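What follows is the content of entry.cif, which has mmCIF, C-alpha atoms:
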data_query
#
loop_
_atom_site.label_atom_id
_atom_site.label_comp_id
_atom_site.auth_asym_id
_atom_site.auth_seq_id
_atom_site.Cartn_x
_atom_site.Cartn_y
_atom_site.Cartn_z
CA MET Z 69 22.19 -45.99 -119.83
CA GLY Z 70 18.88 -44.91 -118.33
CA SER Z 71 17.82 -45.35 -114.75
CA LYS Z 72 14.41 -45.93 -113.24
CA SER Z 73 13.17 -43.89 -110.30
CA LEU Z 74 10.31 -46.27 -109.43
CA LEU Z 75 10.67 -50.06 -109.12
CA ARG Z 76 7.92 -52.58 -108.47
CA TYR Z 77 7.68 -56.15 -107.26
CA ASP Z 78 4.55 -58.26 -106.75
CA ALA Z 79 4.79 -61.01 -104.16
CA PRO Z 80 2.57 -64.12 -104.12
CA TRP Z 81 1.12 -63.06 -100.75
CA PRO Z 82 0.31 -59.88 -98.75
CA ILE Z 83 3.50 -58.26 -97.44
CA PHE Z 84 3.71 -57.15 -93.82
CA THR Z 85 7.33 -56.19 -93.20
CA LEU Z 86 10.44 -55.39 -95.25
CA ASP Z 87 13.99 -54.08 -94.95
CA TRP Z 88 16.74 -52.91 -97.31
CA CYS Z 89 20.06 -54.69 -97.04
CA ASN Z 90 22.66 -52.45 -95.39
CA SER Z 91 25.45 -53.17 -97.88
CA SER Z 92 26.19 -54.72 -101.26
CA GLY Z 93 27.11 -57.96 -99.53
CA ALA Z 94 30.24 -60.02 -99.05
CA TYR Z 95 30.49 -60.96 -102.73
CA PRO Z 96 32.03 -58.01 -104.64
CA SER Z 97 29.52 -56.91 -107.27
CA THR Z 98 28.09 -53.78 -108.86
CA LYS Z 99 25.04 -55.59 -110.20
CA ALA Z 100 21.71 -54.14 -109.13
CA SER Z 101 20.59 -57.60 -107.98
CA GLN Z 102 23.35 -57.43 -105.36
CA THR Z 103 23.32 -53.73 -104.39
CA HIS Z 104 19.51 -53.29 -104.43
CA ARG Z 105 18.30 -56.09 -102.17
CA LEU Z 106 15.22 -56.29 -99.98
CA ALA Z 107 13.97 -58.85 -97.47
CA LEU Z 108 10.20 -59.35 -97.29
CA GLY Z 109 7.90 -61.02 -94.77
CA SER Z 110 4.39 -62.23 -95.58
CA PHE Z 111 1.13 -61.75 -93.71
CA LEU Z 112 -1.08 -64.84 -93.86
CA GLU Z 113 -3.51 -65.69 -91.07
CA SER Z 114 -1.93 -69.09 -90.60
CA SER Z 115 1.32 -70.74 -89.61
CA HIS Z 116 2.46 -71.00 -93.23
CA ASN Z 117 4.12 -67.64 -93.82
CA ALA Z 118 7.26 -66.96 -95.81
CA LEU Z 119 10.36 -64.80 -96.16
CA GLN Z 120 11.83 -63.70 -99.48
CA ILE Z 121 15.08 -62.05 -100.55
CA ILE Z 122 14.71 -60.08 -103.79
CA GLY Z 123 17.21 -58.08 -105.84
CA ALA Z 124 16.72 -55.44 -108.51
CA ALA Z 125 16.80 -56.90 -112.02
CA SER Z 126 15.94 -53.93 -114.19
CA ASP Z 127 18.29 -53.28 -117.12
CA THR Z 128 17.79 -49.59 -116.40
CA LEU Z 129 20.06 -50.07 -113.37
CA ASP Z 130 22.80 -52.28 -114.83
CA ASP Z 131 23.46 -54.98 -117.40
CA TYR Z 132 21.57 -57.70 -115.53
CA TYR Z 133 18.73 -59.37 -117.42
CA PRO Z 134 16.47 -62.18 -116.19
CA PRO Z 135 17.42 -65.50 -117.79
CA SER Z 136 15.38 -66.48 -120.83
CA SER Z 137 14.01 -69.47 -118.95
CA SER Z 138 12.31 -67.26 -116.36
CA SER Z 139 8.53 -67.35 -116.31
CA GLU Z 140 6.53 -64.46 -117.70
CA TYR Z 141 5.62 -63.53 -114.09
CA PHE Z 142 9.22 -62.92 -113.11
CA GLN Z 143 10.20 -61.27 -116.41
CA GLN Z 144 7.69 -58.50 -115.70
CA GLN Z 145 9.18 -57.71 -112.31
CA ASP Z 146 11.73 -55.01 -111.49
CA PHE Z 147 13.10 -57.42 -108.85
CA VAL Z 148 13.98 -61.10 -109.04
CA LEU Z 149 13.68 -63.73 -106.35
CA LEU Z 150 17.05 -64.57 -104.79
CA ALA Z 151 15.96 -66.85 -101.91
CA GLU Z 152 12.85 -67.91 -100.05
CA THR Z 153 11.92 -69.94 -96.98
CA GLN Z 154 9.08 -70.63 -94.55
CA HIS Z 155 8.55 -68.60 -91.38
CA GLY Z 156 5.55 -70.07 -89.52
CA TYR Z 157 3.50 -67.21 -88.11
CA PRO Z 158 3.94 -63.71 -89.61
CA ALA Z 159 7.14 -61.86 -88.80
CA THR Z 160 6.27 -58.68 -86.89
CA LYS Z 161 9.61 -57.14 -87.90
CA LEU Z 162 12.51 -58.10 -90.14
CA LEU Z 163 16.04 -56.63 -90.25
CA TRP Z 164 19.28 -57.32 -92.06
CA GLU Z 165 22.39 -57.44 -89.90
CA PRO Z 166 23.97 -54.01 -89.24
CA ALA Z 167 26.45 -52.83 -91.86
CA GLY Z 168 29.31 -53.18 -89.38
CA ALA Z 169 28.57 -56.88 -88.93
CA ASN Z 170 29.18 -57.77 -92.57
CA GLY Z 171 31.89 -60.39 -92.71
CA HIS Z 172 31.77 -60.97 -88.92
CA ALA Z 173 32.81 -64.51 -87.96
CA TRP Z 174 29.67 -65.79 -86.22
CA LYS Z 175 30.04 -69.25 -84.75
CA PHE Z 176 26.67 -70.34 -86.19
CA LYS Z 177 27.49 -69.01 -89.70
CA PRO Z 178 29.82 -71.50 -91.43
CA ARG Z 179 30.42 -69.33 -94.51
CA LEU Z 180 32.03 -65.93 -93.94
CA GLU Z 181 30.45 -64.66 -97.17
CA ALA Z 182 26.93 -65.30 -95.89
CA GLU Z 183 24.84 -62.56 -94.30
CA LEU Z 184 22.41 -62.61 -91.39
CA LEU Z 185 18.82 -61.49 -90.97
CA ALA Z 186 16.62 -61.50 -87.89
CA THR Z 187 12.86 -61.71 -87.45
CA SER Z 188 10.49 -61.36 -84.53
CA GLY Z 189 7.21 -63.20 -84.11
CA GLU Z 190 6.51 -66.08 -81.81
CA VAL Z 191 10.26 -65.96 -80.96
CA LEU Z 192 13.41 -64.17 -82.18
CA LYS Z 193 14.95 -66.02 -85.12
CA ILE Z 194 18.32 -65.50 -86.84
CA TRP Z 195 18.65 -66.46 -90.50
CA GLU Z 196 21.65 -67.03 -92.78
CA TYR Z 197 21.44 -65.77 -96.35
CA ASP Z 198 24.07 -67.06 -98.76
CA ALA Z 199 23.87 -65.29 -102.11
CA GLN Z 200 25.56 -68.22 -103.87
CA GLY Z 201 24.16 -71.04 -101.77
CA GLY Z 202 21.24 -72.05 -103.98
CA GLY Z 203 23.33 -74.39 -106.10
CA ARG Z 204 24.83 -76.17 -103.07
CA ARG Z 205 21.72 -77.00 -101.06
CA PRO Z 206 18.02 -76.21 -100.94
CA ALA Z 207 16.92 -73.44 -98.61
CA ALA Z 208 15.55 -74.83 -95.34
CA GLY Z 209 11.81 -75.31 -95.63
CA TYR Z 210 11.92 -73.79 -99.13
CA VAL Z 211 8.61 -72.54 -100.50
CA GLY Z 212 7.94 -72.23 -104.22
CA ARG Z 213 10.25 -73.13 -107.10
CA GLY Z 214 12.94 -75.78 -106.86
CA ALA Z 215 16.35 -75.02 -105.40
CA SER Z 216 17.81 -74.69 -108.89
CA GLY Z 217 15.44 -71.80 -109.60
CA VAL Z 218 17.04 -69.38 -107.13
CA PRO Z 219 20.72 -68.45 -106.76
CA GLY Z 220 20.72 -68.05 -102.98
CA SER Z 221 19.72 -69.95 -99.86
CA LEU Z 222 18.02 -68.82 -96.66
CA ARG Z 223 18.05 -70.96 -93.53
CA GLU Z 224 17.39 -70.57 -89.81
CA VAL Z 225 20.56 -70.75 -87.71
CA GLN Z 226 19.44 -69.52 -84.28
CA LYS Z 227 16.26 -69.31 -82.23
CA CYS Z 228 16.11 -67.20 -79.05
CA SER Z 229 13.25 -67.87 -76.65
CA SER Z 230 12.75 -67.13 -72.97
CA ALA Z 231 10.08 -69.81 -72.56
CA LYS Z 232 10.78 -72.51 -70.00
CA GLY Z 233 9.99 -76.14 -70.70
CA ASN Z 234 6.89 -76.58 -72.86
CA ASN Z 235 5.52 -73.12 -72.09
CA VAL Z 236 4.56 -70.99 -75.07
CA PRO Z 237 6.42 -67.65 -75.04
CA ALA Z 238 4.57 -64.36 -75.29
CA PRO Z 239 4.66 -63.07 -78.90
CA LEU Z 240 7.27 -60.49 -79.81
CA THR Z 241 6.08 -57.23 -81.36
CA SER Z 242 9.44 -55.83 -82.52
CA PHE Z 243 13.20 -55.76 -81.95
CA ALA Z 244 16.31 -53.63 -82.56
CA TRP Z 245 19.77 -54.80 -83.63
CA ASN Z 246 22.71 -53.00 -82.09
CA ALA Z 247 24.95 -51.44 -84.75
CA ILE Z 248 28.02 -51.16 -82.48
CA SER Z 249 27.89 -54.63 -80.96
CA PRO Z 250 26.05 -56.86 -83.48
CA SER Z 251 25.70 -59.69 -80.99
CA LEU Z 252 23.16 -57.58 -79.05
CA ILE Z 253 19.46 -57.55 -79.93
CA VAL Z 254 16.69 -56.13 -77.73
CA THR Z 255 13.14 -57.44 -78.19
CA SER Z 256 9.72 -56.14 -77.11
CA SER Z 257 6.76 -58.28 -76.14
CA ILE Z 258 3.05 -58.12 -75.33
CA ASP Z 259 3.89 -59.41 -71.83
CA THR Z 260 5.16 -55.87 -70.89
CA THR Z 261 8.84 -56.93 -71.05
CA CYS Z 262 11.94 -56.09 -73.04
CA THR Z 263 14.71 -58.67 -73.33
CA VAL Z 264 18.32 -58.01 -74.29
CA TRP Z 265 19.83 -61.00 -76.09
CA ASP Z 266 23.39 -62.04 -76.82
CA ILE Z 267 22.69 -63.95 -80.03
CA THR Z 268 26.24 -65.32 -80.17
CA SER Z 269 25.70 -67.34 -77.01
CA ASN Z 270 21.90 -67.54 -77.41
CA SER Z 271 21.42 -66.16 -73.91
CA ALA Z 272 19.25 -63.47 -72.37
CA ILE Z 273 21.48 -60.84 -70.76
CA THR Z 274 18.54 -59.23 -69.00
CA GLN Z 275 14.76 -59.16 -69.11
CA LEU Z 276 12.90 -56.26 -67.56
CA ILE Z 277 9.33 -55.14 -67.11
CA ALA Z 278 9.44 -52.07 -69.31
CA HIS Z 279 5.83 -50.81 -69.38
CA ASP Z 280 2.49 -51.16 -67.65
CA LYS Z 281 1.02 -52.74 -70.77
CA ASP Z 282 2.19 -54.34 -74.02
CA VAL Z 283 5.48 -53.07 -75.45
CA TYR Z 284 5.21 -52.37 -79.18
CA ASP Z 285 8.66 -51.19 -80.27
CA VAL Z 286 12.25 -50.63 -79.17
CA ALA Z 287 15.27 -48.72 -80.53
CA TRP Z 288 18.92 -48.58 -79.48
CA LEU Z 289 20.44 -45.17 -78.86
CA PRO Z 290 22.80 -44.68 -81.82
CA HIS Z 291 26.49 -45.31 -80.99
CA SER Z 292 25.56 -46.97 -77.69
CA THR Z 293 25.57 -50.54 -76.42
CA ASP Z 294 23.93 -49.66 -73.11
CA SER Z 295 20.89 -47.44 -73.77
CA PHE Z 296 17.62 -48.07 -75.59
CA VAL Z 297 14.08 -46.68 -75.65
CA SER Z 298 10.70 -48.37 -75.89
CA VAL Z 299 7.07 -47.46 -76.57
CA GLY Z 300 3.88 -49.31 -75.88
CA ALA Z 301 0.18 -49.57 -75.15
CA ASP Z 302 0.46 -47.42 -72.03
CA GLY Z 303 1.25 -44.45 -74.29
CA SER Z 304 4.71 -43.77 -72.86
CA LEU Z 305 8.20 -43.44 -74.32
CA ARG Z 306 10.76 -44.79 -71.85
CA ALA Z 307 14.56 -44.87 -71.81
CA PHE Z 308 16.65 -47.63 -70.20
CA ASP Z 309 20.34 -47.95 -69.37
CA LEU Z 310 21.72 -51.45 -68.93
CA ARG Z 311 24.25 -50.11 -66.43
CA SER Z 312 21.46 -48.92 -64.13
CA LEU Z 313 18.25 -50.91 -64.44
CA GLU Z 314 16.81 -49.88 -61.07
CA HIS Z 315 14.71 -47.26 -62.84
CA SER Z 316 13.75 -45.98 -66.28
CA THR Z 317 13.29 -42.44 -67.57
CA ILE Z 318 9.90 -41.48 -68.96
CA LEU Z 319 10.63 -39.19 -71.90
CA TYR Z 320 7.01 -38.74 -72.97
CA GLU Z 321 3.49 -39.75 -71.94
CA SER Z 322 0.53 -39.56 -74.31
CA PRO Z 323 -2.24 -37.16 -73.26
CA PRO Z 324 -5.64 -38.80 -72.69
CA ARG Z 325 -8.18 -38.84 -75.50
CA GLU Z 326 -11.53 -40.40 -76.22
CA GLN Z 327 -11.71 -44.19 -76.44
CA SER Z 328 -10.38 -45.47 -79.78
CA ARG Z 329 -12.64 -46.88 -82.47
CA GLY Z 330 -13.68 -50.49 -82.62
CA SER Z 331 -11.22 -53.20 -83.58
CA ASP Z 332 -13.15 -53.83 -86.80
CA GLU Z 333 -11.85 -50.50 -88.10
CA MET Z 334 -8.21 -51.08 -87.18
CA VAL Z 335 -5.50 -51.82 -89.73
CA VAL Z 336 -3.06 -54.65 -89.17
CA THR Z 337 -0.28 -53.50 -86.83
CA PRO Z 338 2.14 -55.31 -84.50
CA ALA Z 339 -0.47 -54.78 -81.78
CA THR Z 340 -3.47 -56.21 -83.67
CA LEU Z 341 -1.30 -58.93 -85.21
CA THR Z 342 -0.44 -60.35 -81.78
CA GLY Z 343 -3.96 -59.96 -80.42
CA ALA Z 344 -3.14 -57.06 -78.13
CA SER Z 345 -5.55 -54.22 -77.36
CA SER Z 346 -4.98 -50.97 -75.57
CA GLY Z 347 -8.31 -50.73 -73.71
CA ARG Z 348 -7.40 -47.32 -72.32
CA SER Z 349 -7.98 -43.67 -73.09
CA ALA Z 350 -4.35 -42.66 -73.54
CA PRO Z 351 -3.43 -43.55 -77.13
CA PRO Z 352 -0.79 -46.27 -77.50
CA LEU Z 353 2.53 -45.47 -79.16
CA ALA Z 354 3.18 -47.87 -82.02
CA ARG Z 355 6.67 -47.23 -83.39
CA VAL Z 356 9.83 -45.33 -82.39
CA GLN Z 357 13.04 -44.47 -84.28
CA PHE Z 358 16.15 -42.40 -83.56
CA SER Z 359 17.49 -40.05 -86.19
CA PRO Z 360 20.74 -41.57 -87.50
CA THR Z 361 22.22 -38.10 -88.10
CA ASP Z 362 21.44 -36.63 -84.65
CA SER Z 363 20.62 -39.00 -81.80
CA ASN Z 364 18.91 -36.25 -79.78
CA TYR Z 365 15.86 -36.58 -82.01
CA ILE Z 366 13.27 -39.36 -81.87
CA ALA Z 367 10.31 -39.92 -84.18
CA MET Z 368 7.22 -41.89 -83.17
CA PHE Z 369 3.52 -42.16 -83.88
CA HIS Z 370 0.37 -43.23 -82.05
CA LEU Z 371 -1.98 -45.98 -83.10
CA GLU Z 372 -4.93 -44.56 -85.05
CA SER Z 373 -3.31 -41.16 -85.51
CA ASN Z 374 -2.50 -39.15 -88.63
CA LYS Z 375 0.47 -37.35 -87.01
CA VAL Z 376 4.16 -38.12 -86.57
CA THR Z 377 5.62 -36.83 -83.30
CA ILE Z 378 9.21 -35.58 -83.00
CA ILE Z 379 10.85 -35.59 -79.55
CA ASP Z 380 14.09 -33.91 -78.47
CA MET Z 381 15.64 -36.01 -75.71
CA ARG Z 382 17.18 -32.87 -74.20
CA THR Z 383 13.67 -31.52 -73.52
CA PRO Z 384 11.60 -34.54 -72.47
CA GLY Z 385 7.93 -34.39 -71.60
CA ARG Z 386 6.60 -32.42 -74.55
CA PRO Z 387 6.86 -33.00 -78.32
CA LEU Z 388 9.15 -30.71 -80.24
CA ALA Z 389 7.02 -30.89 -83.39
CA GLU Z 390 4.24 -32.79 -85.12
CA LEU Z 391 4.24 -33.66 -88.82
CA VAL Z 392 0.67 -33.10 -89.97
CA ALA Z 393 -0.32 -33.86 -93.57
CA HIS Z 394 -1.72 -37.38 -93.71
CA GLY Z 395 -5.43 -37.83 -94.38
CA GLY Z 396 -5.50 -41.19 -92.58
CA ASN Z 397 -3.73 -43.16 -89.89
CA VAL Z 398 0.08 -43.32 -90.04
CA ASN Z 399 1.37 -46.90 -90.26
CA ALA Z 400 5.13 -46.51 -90.76
CA ILE Z 401 8.05 -44.09 -90.42
CA GLY Z 402 11.70 -44.17 -91.45
CA TRP Z 403 14.67 -41.78 -91.27
CA GLY Z 404 17.03 -41.05 -94.14
CA GLN Z 405 20.66 -41.94 -93.59
CA CYS Z 406 22.43 -38.77 -94.78
CA GLU Z 407 20.29 -35.75 -93.93
CA ALA Z 408 17.52 -34.69 -91.57
CA MET Z 409 14.92 -36.41 -93.73
CA ILE Z 410 12.11 -38.65 -92.54
CA ALA Z 411 9.44 -40.59 -94.42
CA SER Z 412 5.93 -41.45 -93.24
CA ALA Z 413 3.20 -43.56 -94.82
CA GLY Z 414 -0.33 -44.58 -93.98
CA ASP Z 415 -3.92 -45.45 -94.73
CA ASP Z 416 -4.35 -42.46 -97.06
CA HIS Z 417 -2.17 -44.25 -99.67
CA GLN Z 418 0.46 -41.53 -99.17
CA LEU Z 419 4.21 -41.74 -98.75
CA LEU Z 420 5.41 -38.34 -97.54
CA LEU Z 421 9.02 -37.15 -97.24
CA TRP Z 422 9.84 -34.40 -94.76
CA ASP Z 423 12.98 -32.25 -94.66
CA LEU Z 424 13.54 -31.15 -91.06
CA SER Z 425 17.00 -29.66 -91.59
CA SER Z 426 15.81 -26.04 -91.81
CA SER Z 427 13.13 -26.20 -89.12
CA VAL Z 428 12.83 -28.81 -86.40
CA MET Z 429 16.43 -30.09 -86.68
CA SER Z 430 18.13 -26.90 -87.79
CA PRO Z 431 21.83 -26.84 -86.79
CA HIS Z 432 21.19 -23.34 -85.44
CA ARG Z 433 18.51 -24.56 -83.04
CA VAL Z 434 19.48 -24.36 -79.37
CA ALA Z 435 17.68 -26.60 -76.92
CA PRO Z 436 15.97 -24.56 -74.17
CA THR Z 437 17.55 -24.72 -70.75
CA ASP Z 438 14.25 -24.27 -68.90
CA ILE Z 439 12.31 -27.46 -69.62
CA THR Z 440 9.55 -26.54 -67.15
CA ASN Z 441 8.13 -23.87 -69.45
CA LEU Z 442 8.34 -25.31 -72.96
CA PRO Z 443 6.37 -23.89 -75.88
CA PRO Z 444 3.67 -26.05 -77.51
CA PRO Z 445 4.84 -28.33 -80.30
CA GLY Z 446 5.12 -26.74 -83.71
CA GLU Z 447 3.24 -28.20 -86.66
CA VAL Z 448 5.03 -29.04 -89.91
CA ARG Z 449 2.48 -29.30 -92.73
CA ASP Z 450 4.52 -29.20 -95.93
CA PRO Z 451 6.31 -32.39 -96.99
CA VAL Z 452 8.94 -31.99 -99.70
CA LEU Z 453 7.73 -35.02 -101.65
CA ALA Z 454 4.50 -37.02 -101.87
CA TYR Z 455 3.85 -40.32 -103.61
CA THR Z 456 0.38 -41.87 -103.89
CA ALA Z 457 0.12 -45.66 -103.97
CA PRO Z 458 -2.92 -47.57 -105.27
CA GLY Z 459 -3.83 -48.70 -101.75
CA GLU Z 460 -3.06 -48.35 -98.05
CA ILE Z 461 0.66 -48.43 -97.20
CA ASN Z 462 1.45 -50.51 -94.12
CA SER Z 463 5.27 -50.45 -93.96
CA LEU Z 464 8.33 -48.70 -95.37
CA ALA Z 465 12.10 -49.02 -95.39
CA TRP Z 466 14.78 -46.45 -96.26
CA SER Z 467 17.91 -47.78 -97.98
CA TYR Z 468 21.54 -47.12 -97.14
CA PRO Z 469 23.29 -44.59 -99.45
CA MET Z 470 24.27 -46.42 -102.63
CA VAL Z 471 27.44 -45.25 -104.39
CA GLY Z 472 29.03 -46.51 -107.57
CA GLY Z 473 27.69 -48.42 -110.56
CA VAL Z 474 25.21 -46.46 -112.63
CA TRP Z 475 24.96 -43.87 -109.84
CA GLY Z 476 28.62 -42.79 -109.94
CA GLN Z 477 29.96 -41.30 -106.72
CA THR Z 478 26.79 -39.42 -105.77
CA PRO Z 479 24.99 -41.21 -102.90
CA VAL Z 480 21.54 -42.39 -103.93
CA GLU Z 481 18.87 -43.50 -101.46
CA TRP Z 482 15.62 -45.39 -102.01
CA VAL Z 483 12.43 -45.66 -100.00
CA ALA Z 484 10.48 -48.90 -100.38
CA VAL Z 485 6.83 -49.21 -99.32
CA THR Z 486 4.42 -52.14 -99.17
CA GLU Z 487 0.85 -51.99 -100.40
CA GLY Z 488 -1.02 -55.28 -100.36
CA ARG Z 489 1.08 -57.77 -102.30
CA SER Z 490 3.23 -55.08 -103.94
CA VAL Z 491 6.53 -53.41 -103.12
CA ARG Z 492 7.25 -50.04 -104.68
CA ALA Z 493 10.75 -48.57 -104.37
CA LEU Z 494 11.23 -44.87 -105.07
CA ARG Z 495 14.58 -43.20 -105.72
CA VAL Z 496 14.78 -40.10 -103.52
#
The structure in this file should be written as structure tokens.
Amino acid sequence: MGSKSLLRYDAPWPIFTLDWCNSSGAYPSTKASQTHRLALGSFLESSHNALQIIGAASDTLDDYYPPSSSSEYFQQQDFVLLAETQHGYPATKLLWEPAGANGHAWKFKPRLEAELLATSGEVLKIWEYDAQGGGRRPAAGYVGRGASGVPGSLREVQKCSSAKGNNVPAPLTSFAWNAISPSLIVTSSIDTTCTVWDITSNSAITQLIAHDKDVYDVAWLPHSTDSFVSVGADGSLRAFDLRSLEHSTILYESPPREQSRGSDEMVVTPATLTGASSGRSAPPLARVQFSPTDSNYIAMFHLESNKVTIIDMRTPGRPLAELVAHGGNVNAIGWGQCEAMIASAGDDHQLLLWDLSSSVMSPHRVAPTDITNLPPPGEVRDPVLAYTAPGEINSLAWSYPMVGGVWGQTPVEWVAVTEGRSVRALRV
């Protein structure tokens, strides 16, 4: 049986955010529609946005074929629609529940087999996806074909908001789901705050003023339930410890530069989506991610920059390295799950894969003890793989290692990117 290395799906609307499911789900299956699942969020300039769950349907992956009654539109896709629902305003970020939470007995999830997703936007929302729920009830606020046309259901089960009374909460730019304690989610907002939520009890554990300006992204320290980092419009990377919130640690501050270009030249980002603007000379930091294989390393990028910055937490204050190969602004980054690999994508239509195992993250590298006299950051200019999409890439997601089925026992990973209305998934 053959196997494709590039899969495509065309949504009925522009796609803003996506995420690979972290497991094959609670229903045992080796079908590609179950193991290769993505969640998508639309970008429409209205309050009528949507979420979709799609699963791979190509017969080059397994023996699954679209039913003969499917429309010509869906027969031509490498993915099939599994569930869909409304979302109101665009989701600024979307995540499946951590792999360790699969099968967890949430009090707001009546079926143990169901899985959870979360989205940020006007508020933090938790969603239940039941892969076999389409035949039992329509998805809440379902958009598109009738309930009988999709096998699964997607419904909102929790809404977390810090607004009091009839006040409208400040929009959320991003969030991070804790992999060790799945009940913990930290959100970032344009009102300069970060909020740590216990989604089980729907309560805010703490809310803190994290930055001088809008906060654009957050990330939990791997294997920790106490520490997280954030980046924002003030151009700083800051670390917080829930056991000691009297102060934060500034790990990096952006150097000043000339005023950024006009807003008419900006691509859609969590900042522009929520109406935020930097209005300062130090370039804002847009996204931040820890390496899952070595938590000392952090990747991030500035708004309107063609570089990805790598930080070593053991030597704060100066970048360890910069990944320099994009011909346009970087819009998304994502780490691989097994090795020191990172992907970046941007306005130049390029998805680039970087192997840092023999350079920046070499196991033989020793962090300097004198952090007052650090060398300038090194430049990495040679990605190990490049893929060119038809248009600008605005988001990406790296899958968990898939084992079994047509892949045998060799772990296989995929990187999915969004370009306009299309998703393209590449086997790496």
- Computed interatomic separation between atom CA of Z:Ser115 and atom CA of Z:Glu224 (Å):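 These two atoms are separated by 16.1 Å.
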Please enclose the listed atoms of stretch 377-395 of chain Z in an axis-aligned box, pad each side by 5 Å, and write out the centre and the three edge lengths in Å, rounded to one decimal, as lines of an AutoDock Vina configuration file.
center_x = 5.9
center_y = -34.3
center_z = -83.0
size_x = 32.6
size_y = 17.1
size_z = 32.8
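Taking only C-alpha atoms, the non-local environment of Z:Glu372 within 7 Å (same-chain residues fewer than 2 positions away omitted) comprises His370, Asn374 and Asn397 of chain Z.
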Notebook entry, point to check: If the PyMOL selection byres ((chain Z and resi 290-298) around 8) is run on the structure shown, which residues does it catch, given as a ChimeraX atom specification?
Noted result: /Z:246-249,252,256,278,283-289,299-300,305-311,356,358,360,363
task: Please provide the set of residues having any atom within 8 Å of Z:Leu240, restricted to all atoms listed in the file, with same-chain residues fewer than 4 positions apart removed, written as a PyMOL selection string.
output: chain Z and resi 160+188-192+255-258+342
* To do: Could you give me, as a list in words, the residues within 7 Å of Z:Pro324, counting only C-alpha atoms and dropping anything in the same chain fewer than 6 positions from it?
  => Ser349, Ala350 and Pro351 of chain Z
Using all atoms listed in the file, the shortest atom-to-atom distance to Z:Val428 among Z:Pro387, Z:Gly488, Z:Pro458, Z:Gly395 belongs to Z:Pro387
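Pairwise distance (atom CA of Z:Val225, atom CA of Z:His155) equals 12.7 Å.
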Would you mind putting back N, CA, C and O atoms on stretch 401-411 of chain Z, then writing it out as a CSV table (one decimal), in the frame of the given file?
chain,number,residue,atom,x,y,z
Z,401,ILE,N,7.1,-45.2,-90.3
Z,401,ILE,CA,8.0,-44.1,-90.4
Z,401,ILE,C,9.4,-44.6,-90.7
Z,401,ILE,O,9.7,-45.8,-90.4
Z,402,GLY,N,10.3,-43.8,-91.2
Z,402,GLY,CA,11.7,-44.2,-91.4
Z,402,GLY,C,12.6,-43.0,-91.7
Z,402,GLY,O,12.2,-42.1,-92.5
Z,403,TRP,N,13.7,-42.9,-91.1
Z,403,TRP,CA,14.7,-41.8,-91.3
Z,403,TRP,C,15.6,-42.0,-92.5
Z,403,TRP,O,16.0,-43.2,-92.7
Z,404,GLY,N,16.0,-41.0,-93.1
Z,404,GLY,CA,17.0,-41.0,-94.1
Z,404,GLY,C,18.4,-41.2,-93.5
Z,404,GLY,O,18.5,-40.8,-92.3
Z,405,GLN,N,19.4,-41.6,-94.2
Z,405,GLN,CA,20.7,-41.9,-93.6
Z,405,GLN,C,21.6,-40.8,-93.7
Z,405,GLN,O,22.6,-40.7,-92.9
Z,406,CYS,N,21.4,-39.8,-94.6
Z,406,CYS,CA,22.4,-38.8,-94.8
Z,406,CYS,C,22.0,-37.4,-94.3
Z,406,CYS,O,22.9,-36.6,-93.8
Z,407,GLU,N,20.7,-37.1,-94.3
Z,407,GLU,CA,20.3,-35.8,-93.9
Z,407,GLU,C,19.1,-35.9,-93.0
Z,407,GLU,O,18.7,-37.0,-92.6
Z,408,ALA,N,18.6,-34.7,-92.5
Z,408,ALA,CA,17.5,-34.7,-91.6
Z,408,ALA,C,16.2,-34.9,-92.3
Z,408,ALA,O,15.3,-34.0,-92.3
Z,409,MET,N,16.1,-36.1,-93.0
Z,409,MET,CA,14.9,-36.4,-93.7
Z,409,MET,C,14.2,-37.6,-93.1
Z,409,MET,O,14.9,-38.5,-92.6
Z,410,ILE,N,12.9,-37.6,-93.1
Z,410,ILE,CA,12.1,-38.6,-92.5
Z,410,ILE,C,10.9,-38.9,-93.5
Z,410,ILE,O,10.4,-38.0,-94.1
Z,411,ALA,N,10.6,-40.2,-93.6
Z,411,ALA,CA,9.4,-40.6,-94.4
Z,411,ALA,C,8.3,-41.1,-93.5
Z,411,ALA,O,8.6,-41.7,-92.5
